[in-house]
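Okay, so here's the structure we're looking at.
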Amino acid sequence: MGEVARGGGCCPPMDLFRSEPMQLIQLIIPMESAHCTVSYLGDLGLLQFKDLNSEKSPFQRTYAAQIKRCGEMARKLRFFKEQMFKAGVSPKGSTTQSDVNIDDIEIKLTEIESELTEMNANGEKLQRTYNELVEYKLVLQKAGDFFHSAQSRAIEQQREYESRQLSGESMEAPLLQDQELSGDSSKPVKLGFLAGLVPREKSMAFERILFRATRGNVFLRQTAVEDPVTDPVSGEKTEKNVFVVFYAGEKVKAKILKICDAFGANRYPFAEELGKQAQMISEVSGKLAELKTTIDAGLSHRVNLLENIGTQFEQWNLLVRKEKSIHHTLNMLSLDVTKKCLVAEGWSPVFATHQVQDALKRAAKDSNSQVSAILQVLHTRESPPTYFRTNKFTSSYQGIIDSYGVAKYQEANPTVFTVVTFPFLFAVMFGDWGHGICLLLAALYFIIREKKLSSQKLDDITAMTFGGRYVIFLMSLFSIYTGLIYNEFFSVPFELFGPSAYVCRDDSCRDSTTIGLIKAGPTYPFGVDPVWHGTRSELPFLNSLKMKMSILLGVAQMNLGIIMSYCNAKFFKNNVNVWFQFIPQVIFLNSLFGYLSLLIIVKWCTGSQADLYHVMIYMFLSPTDDLGENQLFAGQKNVQLVLLLLAGVAVPWMLLPKPFILKKQHEARHGDESYAPLPNTEESLQVESNHDSHGHGEFEFSEIFVHQLIHTIEFVLGAVSNTASYLRLWALSLAHSELSSVFYEKVLLMAWGYNNVVILIVGLIVFIFATVGVLLVMETLSAFLHALRLHWVEYQNKFYEGDGYLFLPFSFSLLDEEDEML
């Protein structure tokens with residue numbers, strides 16, 4: 001942490017302000033120790049391998065078969081995980097780490113998959129049989145009622161015929177209606193029937209199709225099953241009807257069978273005799289009891305097997321993911337001409353050299369290799385990746401910067417200052433110490449439970465909030481601070497630090513207007529005097545305070561951005577940017593808006609009534625006129641003339657000299673030279689970072705000049721627009737305060753004025769939901785996004801290019817389970 005950036009002694013420590021010094025290393029690894037070496041480097045996590053086989057497809061690489069093998073094991077583990085999820089069994093972390101190799105795991109996974117697949121097949125078969133028997137029992141019970149009622153009716157009809165002395169007539173089809181029995185008695189009617197279950201939602205269509213297909217030559221009876229039954233085919237709970245359909249003739253039967261298949265109606269055999277029906281019900285009930293016992297035993301055995309899998313699942317999963325990542329990495333290595341060694345290249349921090357060498361030695365020893373891997377540093381002009389060492393506190397702020405763009409190698413990192421400026425600018429817009437306490441409680445909840453929550457899989461919104469818990473923590477602290485400055489607690493002022501310094505002049509003083517107030521005590525010791533809230537005097541004072549403070553903060557942060565550009569220029573030894581970019585930018589910005597900031601401070605200190613708008617406008621329109629009552633200090637007119645002259649000189653200073661100097665440097669460097677000695681790694685990296693694409697190849701003066709013209713115009717116009725953009729700090733602070741005041745006065749106080757408990761409770765609930773939903777969620781998000789914009793656009797555009805790429809080392813700790821289990 002004590003090391004500072006070269007050429008920038010005024011800058012913060014290098015490990016966050018500048019990328020860690022990187023080096024390109026080459027490893028020559030014997031084949032027998034390659035696997036072990038890559039494994040140890042994955043545990044170390046400080047080497048980013050380069051793909052030396054980018055021209056080859058994944059199937060043409062050396063270790064394609066091993067990756068396929070790991071993919072098959074990953075598939076089996078996914079299968080186990082799905083089965084455990086369905087059974088309600090969760091994987092448990094194993095406390096004992098056993099030494100197992102990938103071959104043993106592969107055999108074990110194959111055996112378990114075969115056993116589990118067989119158990120699933122048998123269980124599904126038994127369950128389907130059980131569901132069929134359940135349906136069969138329902139058909140026997142419900143259809144038996146049809147035949148029982150029909151038999152009773154037949155007996156009654158027989159008695160009626162006998163009473164009428166109708167002899168010699170037999171009834172072969174007792175379920176026919178009266179009109180069907182009144183036909184030709186010399187031709188006895190013999191009907192067949194089918195019984196089964198049909199889904200209730202299809203029962204009406206089933207009946208209509210039967211009637212149309214047979215032209216009404218069937219007789220259908222249906223009854224609903226009270227509880228849903230499990231369909232043997234789909235395995236889903238379905239509401240069904242038991243049906244019995246009577247028909248005459250085989251052709252009609254064939255049609256009925258086809259219709260039943262089309263509607264998913266399950267058919268079951270059925271006997272007409274009541275005695276056989278009772279016997280069949282008894283047999284089916286006995287089989288159901290036996291199957292239930294068998295299924296329960298199978299489920300118990302299956303759960304035991306899945307629990308045994310769960311105790312080792314995490315260990316197997318981790319080992320398979322590691323093995324797959326190792327072979328992916330080995331596929332990035334190239335074979336030596338002797339085919340006895342693998343050659344690897346990759347980026348590594350300079351400080352990790354000894355750790356990498358130690359890992360190579362341990363790998364050679366553990367793999368019984370006679371020769372250790374060889375490490376050598378390569379010189380290259382390629383730009384290294386960017387690596388900032390962060391912790392759980394700074395990582396979220398670094399993520400905010402990386403979302404805009406990754407710093408190029410050794411470029412100044414805005415995160416160092418963003419840790420403070422981002423939550424503070426948020427708080428300027430969100431200033432209310434009541435709302436700040438609510439945010440603080442939410443942040444403390446995530447911080448206190450971070451160990452538990454970090455081990456859980458969270459939804460997207462919760463995961464995003466949890467990841468930014470330390471950002472919210474600082475945002476809440478700064479919001480409490482600025483809320484105390486504004487003296488706002490849910491938009492209500494309090495006399496926390498003493499009584500107000502103002503009192504009414506007489507009894508007619510109401511609503512504490514400016515005219516009716518006199519200062520009768522010492523100045524309020526901290527923040528805004530509470531008497532200025534809720535009065536007409538609030539507009540000219542508190543509102544003006546916020547607006548002018550926004551300008552001061554904006555000018556200060558823009559100056560910080562220009563100083564950061566100076567740090568970059570000095571670090572890369574780019575004197576052209578120091579003299580022809582940094583200095584004129586500082587002069588131009590501070591000649592106008594720095595001067596405005598000075599006037600604001602002077603006015604606050606002196607209590608002057610000068611109109612600063614008038615001063616700044618006529619500084620350009622009539623610079624030689626007398627200032628009159630707008631003069632704040634002696635010699636102000638002369639100072640303004642000098643500043644105006646400096647601002648006018650700064651513009652051509654930025655525009656003209658730099659292109660000509662770059663042209664002269666290019667001619668001196670490439671004019672008569674055909675060959676030049678190769679620079680060392682450190683020098684080459686600085687040269688690459690110092691020069692843009694114009695430094696390579698042919699020099700185009702017109703292109704450089706146009707580029708500088710655009711850059712100058714952008715800065716000049718941006719200085720105005722960016723300063724105005726910081727007024728969003730004032731606008732959002734005012735909006736937040738007014739919204740909070742509306743909810744307090746129009747909801748809570750109005751409900752309180754009715755002197756009704758119910759109305760008061762309803763008003764309190766509405767106030768709480770409005771505060772949480774609008775002020776603590778929507779306003780927080782709005783202020784966050786505006787603070788983000790101020791950093792990305794108004795601040796970082798002064799110095800930050802953000803065209804680098806992250807250092808992503810090969811590390812087992814960075815493995816993503818979903819990606820590795822594909």
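Chain lettering (A, B, ...) mirrors the order of the structure tokens, residue numbering begins at 1 for each chain separately, and ligand numbering begins at 1 in order of display.
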Query raised in the report: DSSP says helix (DSSP H, G or I) for which residues of stretch 456-510 of chain A? Put them as a PyMOL selection string?
Result: chain A and resi 460-467+469-486
Requested in this report: Do a neighbour search on stretch 580-590 of chain A at 7 Å with only C-alpha atoms, toss out local chain neighbours closer than 4 positions, and write the hits as number ranges by chain.
Outcome: A: 562, 565-566, 576, 594-595, 646-647, 650, 653-654, 658, 719
Using only N, CA, C and O atoms, please write the residues we just selected to a file, as a CSV table (one decimal), in the first residue's frame.
```csv
chain,number,residue,atom,x,y,z
A,562,ILE,N,-9.6,17.4,-14.0
A,562,ILE,CA,-8.4,17.9,-14.7
A,562,ILE,C,-7.1,17.6,-14.0
A,562,ILE,O,-6.1,17.3,-14.7
A,565,SER,N,-6.1,14.2,-15.0
A,565,SER,CA,-5.5,14.2,-16.3
A,565,SER,C,-4.0,14.6,-16.2
A,565,SER,O,-3.2,14.0,-16.9
A,566,TYR,N,-3.7,15.5,-15.3
A,566,TYR,CA,-2.3,15.8,-15.1
A,566,TYR,C,-1.6,14.6,-14.5
A,566,TYR,O,-0.4,14.4,-14.9
A,576,VAL,N,3.6,17.1,-23.5
A,576,VAL,CA,2.7,17.8,-24.4
A,576,VAL,C,1.3,18.0,-23.8
A,576,VAL,O,0.8,19.1,-23.8
A,594,GLY,N,-14.5,29.0,-11.9
A,594,GLY,CA,-13.7,29.1,-10.7
A,594,GLY,C,-13.9,30.5,-10.1
A,594,GLY,O,-14.1,30.7,-8.8
A,595,TYR,N,-14.0,31.5,-10.9
A,595,TYR,CA,-14.2,32.9,-10.5
A,595,TYR,C,-15.6,33.0,-9.9
A,595,TYR,O,-15.9,33.7,-8.9
A,646,LEU,N,-7.4,35.7,-20.0
A,646,LEU,CA,-6.8,34.4,-19.8
A,646,LEU,C,-7.7,33.3,-20.5
A,646,LEU,O,-7.2,32.4,-21.1
A,647,ALA,N,-9.0,33.5,-20.3
A,647,ALA,CA,-9.9,32.5,-20.9
A,647,ALA,C,-9.9,32.6,-22.4
A,647,ALA,O,-9.9,31.5,-23.1
A,650,ALA,N,-6.6,30.8,-23.5
A,650,ALA,CA,-6.5,29.4,-23.2
A,650,ALA,C,-7.1,28.6,-24.4
A,650,ALA,O,-6.7,27.4,-24.6
A,653,TRP,N,-4.6,28.2,-27.1
A,653,TRP,CA,-3.5,27.5,-26.4
A,653,TRP,C,-3.8,26.0,-26.5
A,653,TRP,O,-2.9,25.2,-26.7
A,654,MET,N,-5.0,25.6,-26.3
A,654,MET,CA,-5.4,24.2,-26.4
A,654,MET,C,-5.4,23.7,-27.8
A,654,MET,O,-5.1,22.5,-28.1
A,658,LYS,N,-0.4,21.9,-29.9
A,658,LYS,CA,-0.2,20.5,-29.7
A,658,LYS,C,-0.1,19.8,-31.1
A,658,LYS,O,0.8,18.9,-31.2
A,719,ALA,N,-17.4,22.7,-20.6
A,719,ALA,CA,-17.2,23.5,-19.3
A,719,ALA,C,-18.5,24.2,-18.9
A,719,ALA,O,-18.8,24.3,-17.7
```
Report task. Grab the atom CA of A:Leu52 to atom CA of A:Met332 distance for me, in Å with one decimal place. Result ->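 Atom-to-atom, atom CA of A:Leu52 to atom CA of A:Met332, that is 5.5 Å.
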Query raised in the report: Hey, which of A:Ser367, A:Gln357, A:Gln277, A:Asn487 ends up closest to A:Tyr524? Count only C-alpha atoms.
Result: A:Asn487
Just asking: which residues within stretch 194-355 of chain A are strand (DSSP E or B) according to DSSP, as a PDB file with N, CA, C and O atoms, in the first residue's frame?
```
ATOM      1  N   LEU A 194     -68.904 -50.662 -22.800  1.00  0.00           N
ATOM      2  CA  LEU A 194     -67.525 -50.300 -22.449  1.00  0.00           C
ATOM      3  C   LEU A 194     -67.581 -49.336 -21.263  1.00  0.00           C
ATOM      4  O   LEU A 194     -68.440 -48.462 -21.220  1.00  0.00           O
ATOM      5  N   ALA A 195     -66.640 -49.499 -20.333  1.00  0.00           N
ATOM      6  CA  ALA A 195     -66.593 -48.648 -19.151  1.00  0.00           C
ATOM      7  C   ALA A 195     -65.194 -48.063 -18.998  1.00  0.00           C
ATOM      8  O   ALA A 195     -64.197 -48.674 -19.392  1.00  0.00           O
ATOM      9  N   GLY A 196     -65.147 -46.876 -18.415  1.00  0.00           N
ATOM     10  CA  GLY A 196     -63.848 -46.236 -18.216  1.00  0.00           C
ATOM     11  C   GLY A 196     -63.996 -44.842 -17.630  1.00  0.00           C
ATOM     12  O   GLY A 196     -65.040 -44.494 -17.087  1.00  0.00           O
ATOM     13  N   LEU A 197     -62.918 -44.052 -17.751  1.00  0.00           N
ATOM     14  CA  LEU A 197     -62.922 -42.677 -17.258  1.00  0.00           C
ATOM     15  C   LEU A 197     -62.496 -41.748 -18.381  1.00  0.00           C
ATOM     16  O   LEU A 197     -61.608 -42.078 -19.174  1.00  0.00           O
ATOM     17  N   VAL A 198     -63.126 -40.564 -18.403  1.00  0.00           N
ATOM     18  CA  VAL A 198     -62.807 -39.543 -19.386  1.00  0.00           C
ATOM     19  C   VAL A 198     -62.597 -38.232 -18.634  1.00  0.00           C
ATOM     20  O   VAL A 198     -63.273 -37.983 -17.622  1.00  0.00           O
ATOM     21  N   PRO A 199     -61.631 -37.386 -19.035  1.00  0.00           N
ATOM     22  CA  PRO A 199     -61.453 -36.085 -18.370  1.00  0.00           C
ATOM     23  C   PRO A 199     -62.742 -35.276 -18.398  1.00  0.00           C
ATOM     24  O   PRO A 199     -63.442 -35.219 -19.416  1.00  0.00           O
ATOM     25  N   PHE A 219     -76.005 -45.758 -25.910  1.00  0.00           N
ATOM     26  CA  PHE A 219     -76.601 -45.271 -24.669  1.00  0.00           C
ATOM     27  C   PHE A 219     -75.451 -45.001 -23.700  1.00  0.00           C
ATOM     28  O   PHE A 219     -74.651 -45.900 -23.394  1.00  0.00           O
ATOM     29  N   LEU A 220     -75.323 -43.723 -23.247  1.00  0.00           N
ATOM     30  CA  LEU A 220     -74.184 -43.301 -22.435  1.00  0.00           C
ATOM     31  C   LEU A 220     -74.660 -42.859 -21.067  1.00  0.00           C
ATOM     32  O   LEU A 220     -75.612 -42.089 -20.954  1.00  0.00           O
ATOM     33  N   ARG A 221     -73.987 -43.365 -20.031  1.00  0.00           N
ATOM     34  CA  ARG A 221     -74.220 -42.910 -18.667  1.00  0.00           C
ATOM     35  C   ARG A 221     -72.896 -42.409 -18.091  1.00  0.00           C
ATOM     36  O   ARG A 221     -71.852 -43.062 -18.253  1.00  0.00           O
ATOM     37  N   GLN A 222     -72.910 -41.249 -17.430  1.00  0.00           N
ATOM     38  CA  GLN A 222     -71.716 -40.673 -16.817  1.00  0.00           C
ATOM     39  C   GLN A 222     -72.022 -40.258 -15.389  1.00  0.00           C
ATOM     40  O   GLN A 222     -73.152 -39.890 -15.072  1.00  0.00           O
ATOM     41  N   THR A 223     -70.994 -40.306 -14.564  1.00  0.00           N
ATOM     42  CA  THR A 223     -71.078 -39.795 -13.208  1.00  0.00           C
ATOM     43  C   THR A 223     -69.725 -39.222 -12.813  1.00  0.00           C
ATOM     44  O   THR A 223     -68.671 -39.748 -13.212  1.00  0.00           O
ATOM     45  N   ALA A 224     -69.728 -38.145 -12.065  1.00  0.00           N
ATOM     46  CA  ALA A 224     -68.481 -37.450 -11.723  1.00  0.00           C
ATOM     47  C   ALA A 224     -67.781 -38.122 -10.556  1.00  0.00           C
ATOM     48  O   ALA A 224     -68.422 -38.610  -9.617  1.00  0.00           O
ATOM     49  N   VAL A 229     -58.168 -37.470  -9.764  1.00  0.00           N
ATOM     50  CA  VAL A 229     -57.387 -38.714  -9.775  1.00  0.00           C
ATOM     51  C   VAL A 229     -56.134 -38.496 -10.612  1.00  0.00           C
ATOM     52  O   VAL A 229     -56.089 -37.637 -11.495  1.00  0.00           O
ATOM     53  N   THR A 230     -55.093 -39.249 -10.311  1.00  0.00           N
ATOM     54  CA  THR A 230     -53.836 -39.155 -11.044  1.00  0.00           C
ATOM     55  C   THR A 230     -53.932 -39.968 -12.321  1.00  0.00           C
ATOM     56  O   THR A 230     -54.185 -41.172 -12.284  1.00  0.00           O
ATOM     57  N   LYS A 237     -52.747 -34.726 -11.729  1.00  0.00           N
ATOM     58  CA  LYS A 237     -54.063 -34.792 -11.111  1.00  0.00           C
ATOM     59  C   LYS A 237     -55.103 -34.225 -12.077  1.00  0.00           C
ATOM     60  O   LYS A 237     -54.952 -33.122 -12.589  1.00  0.00           O
ATOM     61  N   THR A 238     -56.154 -34.992 -12.320  1.00  0.00           N
ATOM     62  CA  THR A 238     -57.157 -34.597 -13.306  1.00  0.00           C
ATOM     63  C   THR A 238     -58.546 -34.933 -12.770  1.00  0.00           C
ATOM     64  O   THR A 238     -58.737 -35.980 -12.149  1.00  0.00           O
ATOM     65  N   LYS A 240     -62.141 -36.262 -13.427  1.00  0.00           N
ATOM     66  CA  LYS A 240     -62.650 -37.187 -14.444  1.00  0.00           C
ATOM     67  C   LYS A 240     -64.075 -37.626 -14.129  1.00  0.00           C
ATOM     68  O   LYS A 240     -64.562 -37.467 -13.002  1.00  0.00           O
ATOM     69  N   ASN A 241     -64.714 -38.179 -15.175  1.00  0.00           N
ATOM     70  CA  ASN A 241     -66.039 -38.785 -15.067  1.00  0.00           C
ATOM     71  C   ASN A 241     -65.939 -40.261 -15.418  1.00  0.00           C
ATOM     72  O   ASN A 241     -65.214 -40.640 -16.350  1.00  0.00           O
ATOM     73  N   VAL A 242     -66.650 -41.084 -14.658  1.00  0.00           N
ATOM     74  CA  VAL A 242     -66.792 -42.510 -15.024  1.00  0.00           C
ATOM     75  C   VAL A 242     -67.942 -42.637 -16.022  1.00  0.00           C
ATOM     76  O   VAL A 242     -69.004 -42.043 -15.818  1.00  0.00           O
ATOM     77  N   PHE A 243     -67.711 -43.352 -17.085  1.00  0.00           N
ATOM     78  CA  PHE A 243     -68.749 -43.509 -18.110  1.00  0.00           C
ATOM     79  C   PHE A 243     -68.956 -44.989 -18.415  1.00  0.00           C
ATOM     80  O   PHE A 243     -68.041 -45.824 -18.253  1.00  0.00           O
ATOM     81  N   VAL A 244     -70.181 -45.290 -18.833  1.00  0.00           N
ATOM     82  CA  VAL A 244     -70.518 -46.611 -19.388  1.00  0.00           C
ATOM     83  C   VAL A 244     -71.310 -46.342 -20.657  1.00  0.00           C
ATOM     84  O   VAL A 244     -72.309 -45.621 -20.629  1.00  0.00           O
ATOM     85  N   VAL A 245     -70.856 -46.900 -21.766  1.00  0.00           N
ATOM     86  CA  VAL A 245     -71.518 -46.688 -23.039  1.00  0.00           C
ATOM     87  C   VAL A 245     -71.962 -48.043 -23.575  1.00  0.00           C
ATOM     88  O   VAL A 245     -71.191 -49.007 -23.614  1.00  0.00           O
ATOM     89  N   PHE A 246     -73.224 -48.141 -23.925  1.00  0.00           N
ATOM     90  CA  PHE A 246     -73.805 -49.373 -24.454  1.00  0.00           C
ATOM     91  C   PHE A 246     -73.953 -49.224 -25.968  1.00  0.00           C
ATOM     92  O   PHE A 246     -74.294 -48.150 -26.469  1.00  0.00           O
ATOM     93  N   TYR A 247     -73.700 -50.295 -26.658  1.00  0.00           N
ATOM     94  CA  TYR A 247     -73.732 -50.255 -28.118  1.00  0.00           C
ATOM     95  C   TYR A 247     -74.241 -51.591 -28.636  1.00  0.00           C
ATOM     96  O   TYR A 247     -74.338 -52.595 -27.891  1.00  0.00           O
ATOM     97  N   ASN A 266     -59.582 -43.632 -20.604  1.00  0.00           N
ATOM     98  CA  ASN A 266     -59.001 -44.913 -20.216  1.00  0.00           C
ATOM     99  C   ASN A 266     -60.121 -45.932 -20.002  1.00  0.00           C
ATOM    100  O   ASN A 266     -61.057 -45.694 -19.233  1.00  0.00           O
ATOM    101  N   ARG A 267     -60.033 -47.092 -20.677  1.00  0.00           N
ATOM    102  CA  ARG A 267     -61.058 -48.130 -20.591  1.00  0.00           C
ATOM    103  C   ARG A 267     -60.574 -49.269 -19.690  1.00  0.00           C
ATOM    104  O   ARG A 267     -59.366 -49.588 -19.656  1.00  0.00           O
ATOM    105  N   TYR A 268     -61.508 -49.895 -19.005  1.00  0.00           N
ATOM    106  CA  TYR A 268     -61.191 -50.989 -18.094  1.00  0.00           C
ATOM    107  C   TYR A 268     -62.237 -52.092 -18.247  1.00  0.00           C
ATOM    108  O   TYR A 268     -63.416 -51.816 -18.498  1.00  0.00           O
ATOM    109  N   SER A 334       0.176 -24.613 -26.253  1.00  0.00           N
ATOM    110  CA  SER A 334       0.661 -25.190 -27.501  1.00  0.00           C
ATOM    111  C   SER A 334       1.705 -26.270 -27.206  1.00  0.00           C
ATOM    112  O   SER A 334       2.419 -26.204 -26.201  1.00  0.00           O
ATOM    113  N   LEU A 335       1.770 -27.247 -28.111  1.00  0.00           N
ATOM    114  CA  LEU A 335       2.745 -28.333 -27.972  1.00  0.00           C
ATOM    115  C   LEU A 335       4.113 -27.880 -28.442  1.00  0.00           C
ATOM    116  O   LEU A 335       4.252 -27.183 -29.451  1.00  0.00           O
ATOM    117  N   CYS A 341       6.673 -31.278 -24.189  1.00  0.00           N
ATOM    118  CA  CYS A 341       6.405 -30.133 -23.316  1.00  0.00           C
ATOM    119  C   CYS A 341       5.230 -29.331 -23.863  1.00  0.00           C
ATOM    120  O   CYS A 341       4.918 -29.381 -25.051  1.00  0.00           O
ATOM    121  N   LEU A 342       4.588 -28.605 -22.955  1.00  0.00           N
ATOM    122  CA  LEU A 342       3.543 -27.658 -23.315  1.00  0.00           C
ATOM    123  C   LEU A 342       4.054 -26.250 -23.049  1.00  0.00           C
ATOM    124  O   LEU A 342       4.719 -25.997 -22.039  1.00  0.00           O
ATOM    125  N   VAL A 343       3.738 -25.346 -23.969  1.00  0.00           N
ATOM    126  CA  VAL A 343       4.175 -23.958 -23.848  1.00  0.00           C
ATOM    127  C   VAL A 343       2.955 -23.095 -23.531  1.00  0.00           C
ATOM    128  O   VAL A 343       1.940 -23.157 -24.241  1.00  0.00           O
ATOM    129  N   ALA A 344       3.059 -22.333 -22.453  1.00  0.00           N
ATOM    130  CA  ALA A 344       1.970 -21.451 -22.020  1.00  0.00           C
ATOM    131  C   ALA A 344       2.470 -20.020 -21.965  1.00  0.00           C
ATOM    132  O   ALA A 344       3.630 -19.761 -21.641  1.00  0.00           O
ATOM    133  N   GLU A 345       1.582 -19.094 -22.284  1.00  0.00           N
ATOM    134  CA  GLU A 345       1.863 -17.676 -22.136  1.00  0.00           C
ATOM    135  C   GLU A 345       0.688 -17.040 -21.407  1.00  0.00           C
ATOM    136  O   GLU A 345      -0.468 -17.433 -21.604  1.00  0.00           O
ATOM    137  N   GLY A 346       1.007 -16.058 -20.574  1.00  0.00           N
ATOM    138  CA  GLY A 346      -0.068 -15.409 -19.834  1.00  0.00           C
ATOM    139  C   GLY A 346       0.412 -14.181 -19.090  1.00  0.00           C
ATOM    140  O   GLY A 346       1.610 -13.961 -18.908  1.00  0.00           O
ATOM    141  N   TRP A 347      -0.570 -13.389 -18.673  1.00  0.00           N
ATOM    142  CA  TRP A 347      -0.289 -12.171 -17.916  1.00  0.00           C
ATOM    143  C   TRP A 347      -0.354 -12.466 -16.425  1.00  0.00           C
ATOM    144  O   TRP A 347      -1.241 -13.186 -15.964  1.00  0.00           O
ATOM    145  N   SER A 348       0.588 -11.883 -15.702  1.00  0.00           N
ATOM    146  CA  SER A 348       0.633 -12.074 -14.259  1.00  0.00           C
ATOM    147  C   SER A 348       1.147 -10.796 -13.609  1.00  0.00           C
ATOM    148  O   SER A 348       2.010 -10.115 -14.173  1.00  0.00           O
ATOM    149  N   PRO A 349       0.636 -10.445 -12.414  1.00  0.00           N
ATOM    150  CA  PRO A 349       1.210  -9.298 -11.705  1.00  0.00           C
ATOM    151  C   PRO A 349       2.670  -9.550 -11.343  1.00  0.00           C
ATOM    152  O   PRO A 349       3.076 -10.688 -11.086  1.00  0.00           O
TER     153      PRO A 349
END
```
Query raised in the report: Using only C-alpha atoms, which of A:Phe49, A:Tyr726, A:Trp604, A:Phe705 sits nearest A:Ile326?
Result: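 Checking each of A:Phe49, A:Tyr726, A:Trp604, A:Phe705 against A:Ile326, counting only C-alpha atoms, the winner is A:Phe49.
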Query raised in the report: Do you have the atom CA of A:Lys50-atom CA of A:Leu27 distance handy?
Result: 11.4 Å
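For the pair atom CA of A:Phe743 and atom CA of A:Ala770, the separation is 7.3 Å.
The closest residue to A:Leu739, picked from A:Phe466, A:Met475, A:Leu632, A:Asp432 and counting only C-alpha atoms, is A:Asp432.
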